[in-house]
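Worksheet: one structure, shown below.
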Amino acid sequence: MSFHATVLTLYPEMFPGPLGLSLAGRALDEGIWKLKTVQIRNFAVDRHRSVDDTPAGGGAGMVMRADVLARAIDHSLEKDDPRPRLLMSPRGKTLTQKRVRELAAGPGVLILCGRFEGVDQRLIEARRLEEISIGDYILSGGEPAALVLLDAVIRLLPGVMGNENSGITESFEHGLLEHPHYTRPQEFEGRRIPEVLTSGNHAHIEAWRRQEAERLTRERRPDLLPEPDQGQTK
């Protein structure tokens, strides 16, 4: 069964975008995954095809309407559709490699791309949307975030990567950042490949890579490392 992604958006022309190229694009052509975009405005009921309104209680910006989005979501879901329903939102839980692997192991996703100030909370609750963020910054809309999420997931689908082991040794797979990489030429601007990598001793190579991964993680992402044992309190 193919991984089926449905994206609800005000800008369907943004898809597949980069997902139509390289590994994801080839997998799309081969039917490993499928993509359907849904224009949210098609589910508006007024002549202006309005999808948003002023926020209750006042304030800046506009809020996406619950009734319009509900119609778009309901139209896009099959009966007993098991796919997770995701809302790309800066206030969501940060996307992790663990969650990416969980999504890749499933039948697909339905993704709602938020815009403006956000989405009516009643819609989020009524349609059981899982809010996901790709980082602590603000985008103009959920579409770039949806592309990021789908790229991370699609590359893990069976048959997408030529070497299935490629996805196992990368950053975040084992709680560490990935070790440095080298290739030819042997010397570049006075810098040589570390001797251990050309020694042929695979045990030493693996130990070096582990040490380097731990070093980089301590320097750049100490938050990924487990808390030091503080001992038991009396």
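Residues in the structure tokens are numbered from 1 in each chain, the chains being A, B, ... in the order shown, and ligands are numbered from 1 in the order shown.
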Checklist line | Surrounding residues of region 121-126 of chain A excluding itself and chain neighbours under 6 positions, 12 Å, only C-alpha atoms, as number ranges by chain | finding: A: 55-56, 63-74, 85-89, 92, 112, 114
Residues as selected, N, CA and C atoms, written as a PDB file, in the first residue's frame, can you do that?
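Saved as out20.pdb:
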ATOM      1  N   PRO A  55     -10.669  37.855  14.903  1.00  0.00           N
ATOM      2  CA  PRO A  55     -10.591  37.043  16.121  1.00  0.00           C
ATOM      3  C   PRO A  55     -11.617  37.468  17.174  1.00  0.00           C
ATOM      4  N   ALA A  56     -12.252  36.485  17.785  1.00  0.00           N
ATOM      5  CA  ALA A  56     -13.159  36.777  18.894  1.00  0.00           C
ATOM      6  C   ALA A  56     -12.371  37.428  20.027  1.00  0.00           C
ATOM      7  N   VAL A  63      -8.374  34.859  11.726  1.00  0.00           N
ATOM      8  CA  VAL A  63      -8.336  33.476  12.180  1.00  0.00           C
ATOM      9  C   VAL A  63      -9.086  32.608  11.176  1.00  0.00           C
ATOM     10  N   MET A  64      -8.517  31.445  10.844  1.00  0.00           N
ATOM     11  CA  MET A  64      -9.163  30.538   9.900  1.00  0.00           C
ATOM     12  C   MET A  64     -10.413  29.942  10.535  1.00  0.00           C
ATOM     13  N   ARG A  65     -11.502  29.933   9.768  1.00  0.00           N
ATOM     14  CA  ARG A  65     -12.808  29.546  10.277  1.00  0.00           C
ATOM     15  C   ARG A  65     -12.950  28.040  10.478  1.00  0.00           C
ATOM     16  N   ALA A  66     -13.608  27.669  11.578  1.00  0.00           N
ATOM     17  CA  ALA A  66     -13.797  26.260  11.900  1.00  0.00           C
ATOM     18  C   ALA A  66     -14.728  25.571  10.911  1.00  0.00           C
ATOM     19  N   ASP A  67     -15.797  26.246  10.494  1.00  0.00           N
ATOM     20  CA  ASP A  67     -16.779  25.585   9.637  1.00  0.00           C
ATOM     21  C   ASP A  67     -16.217  25.284   8.257  1.00  0.00           C
ATOM     22  N   VAL A  68     -15.460  26.224   7.700  1.00  0.00           N
ATOM     23  CA  VAL A  68     -14.859  26.010   6.381  1.00  0.00           C
ATOM     24  C   VAL A  68     -13.844  24.881   6.429  1.00  0.00           C
ATOM     25  N   LEU A  69     -12.993  24.906   7.435  1.00  0.00           N
ATOM     26  CA  LEU A  69     -11.964  23.875   7.549  1.00  0.00           C
ATOM     27  C   LEU A  69     -12.566  22.509   7.833  1.00  0.00           C
ATOM     28  N   ALA A  70     -13.626  22.471   8.607  1.00  0.00           N
ATOM     29  CA  ALA A  70     -14.281  21.189   8.901  1.00  0.00           C
ATOM     30  C   ALA A  70     -14.814  20.552   7.626  1.00  0.00           C
ATOM     31  N   ARG A  71     -15.422  21.354   6.769  1.00  0.00           N
ATOM     32  CA  ARG A  71     -15.919  20.815   5.505  1.00  0.00           C
ATOM     33  C   ARG A  71     -14.774  20.291   4.649  1.00  0.00           C
ATOM     34  N   ALA A  72     -13.656  21.009   4.620  1.00  0.00           N
ATOM     35  CA  ALA A  72     -12.502  20.574   3.823  1.00  0.00           C
ATOM     36  C   ALA A  72     -11.933  19.269   4.358  1.00  0.00           C
ATOM     37  N   ILE A  73     -11.814  19.149   5.685  1.00  0.00           N
ATOM     38  CA  ILE A  73     -11.267  17.938   6.288  1.00  0.00           C
ATOM     39  C   ILE A  73     -12.204  16.755   6.062  1.00  0.00           C
ATOM     40  N   ASP A  74     -13.485  16.959   6.316  1.00  0.00           N
ATOM     41  CA  ASP A  74     -14.453  15.865   6.178  1.00  0.00           C
ATOM     42  C   ASP A  74     -14.513  15.362   4.738  1.00  0.00           C
ATOM     43  N   ARG A  85      -4.081  13.201  11.671  1.00  0.00           N
ATOM     44  CA  ARG A  85      -4.505  14.507  11.170  1.00  0.00           C
ATOM     45  C   ARG A  85      -3.593  15.558  11.800  1.00  0.00           C
ATOM     46  N   LEU A  86      -2.776  16.175  10.999  1.00  0.00           N
ATOM     47  CA  LEU A  86      -1.749  17.080  11.497  1.00  0.00           C
ATOM     48  C   LEU A  86      -2.067  18.527  11.141  1.00  0.00           C
ATOM     49  N   LEU A  87      -1.747  19.420  12.043  1.00  0.00           N
ATOM     50  CA  LEU A  87      -1.827  20.860  11.795  1.00  0.00           C
ATOM     51  C   LEU A  87      -0.439  21.436  11.988  1.00  0.00           C
ATOM     52  N   MET A  88       0.118  22.001  10.938  1.00  0.00           N
ATOM     53  CA  MET A  88       1.431  22.640  11.057  1.00  0.00           C
ATOM     54  C   MET A  88       1.245  23.967  11.778  1.00  0.00           C
ATOM     55  N   SER A  89       1.847  24.066  12.957  1.00  0.00           N
ATOM     56  CA  SER A  89       1.613  25.214  13.827  1.00  0.00           C
ATOM     57  C   SER A  89       2.846  25.506  14.658  1.00  0.00           C
ATOM     58  N   GLY A  92       2.893  23.932  18.118  1.00  0.00           N
ATOM     59  CA  GLY A  92       2.798  22.484  18.240  1.00  0.00           C
ATOM     60  C   GLY A  92       4.033  21.872  18.875  1.00  0.00           C
ATOM     61  N   LEU A 112      -3.060  19.848   7.550  1.00  0.00           N
ATOM     62  CA  LEU A 112      -3.694  21.148   7.382  1.00  0.00           C
ATOM     63  C   LEU A 112      -2.633  22.229   7.525  1.00  0.00           C
ATOM     64  N   GLY A 114      -1.828  25.829   8.251  1.00  0.00           N
ATOM     65  CA  GLY A 114      -2.405  27.032   8.827  1.00  0.00           C
ATOM     66  C   GLY A 114      -1.903  28.293   8.143  1.00  0.00           C
TER      67      GLY A 114
END
Next item on the list: For region 140-152 of chain A, work out the shell of residues within 7 Å, counting only C-alpha atoms and skipping chain neighbours fewer than 3 positions away, then give it as a list of chain:residue names.
Entry: A:Leu19, A:Ala24, A:Met88, A:Ser89, A:Val100, A:Cys113, A:Gly114, A:Arg115, A:Ile134, A:Arg155
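The space separating CA of Arg26 (chain A) from CA of Thr6 (chain A) comes to 18.4 Å.
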Item checked: Leu95 (chain A) surroundings by only C-alpha atoms, 7 Å radius, close-in-sequence under 3 positions cut, as a PyMOL selection string -> chain A and resi 99+132-134
Residues as selected, C-alpha atoms, written as a tab-separated table (two decimals), in the first residue's frame, can you do that?
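File result_29.tsv, as written:
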chain	number	residue	atom	x	y	z
A	99	ARG	CA	7.79	10.96	15.26
A	132	ILE	CA	3.32	19.96	14.95
A	133	SER	CA	6.07	22.58	14.75
A	134	ILE	CA	9.34	22.29	12.84
Margin query: If you run DSSP on the backbone here, which positions in region 2-232 of chain A get strand (DSSP E or B)? Please write them as number ranges by chain.
Written below: A: 3-9, 33-39, 52-53, 63-64, 85-94, 108-113, 119, 130-133, 187-188, 191-192
Margin query: So that I can check the surroundings of Val7 (chain A), please list as a VMD selection string every protein, DNA and RNA residue that reaches within 7 Å of it, counting only C-alpha atoms and ignoring chain neighbours fewer than 3 positions away.
Written below: chain A and resid 36 to 38 110 to 112
Check: Counting only C-alpha atoms, which of A:Gly59, A:Gly118, A:Pro194, A:Gly108 gets nearest to Leu157 (chain A)?
Finding: A:Gly108
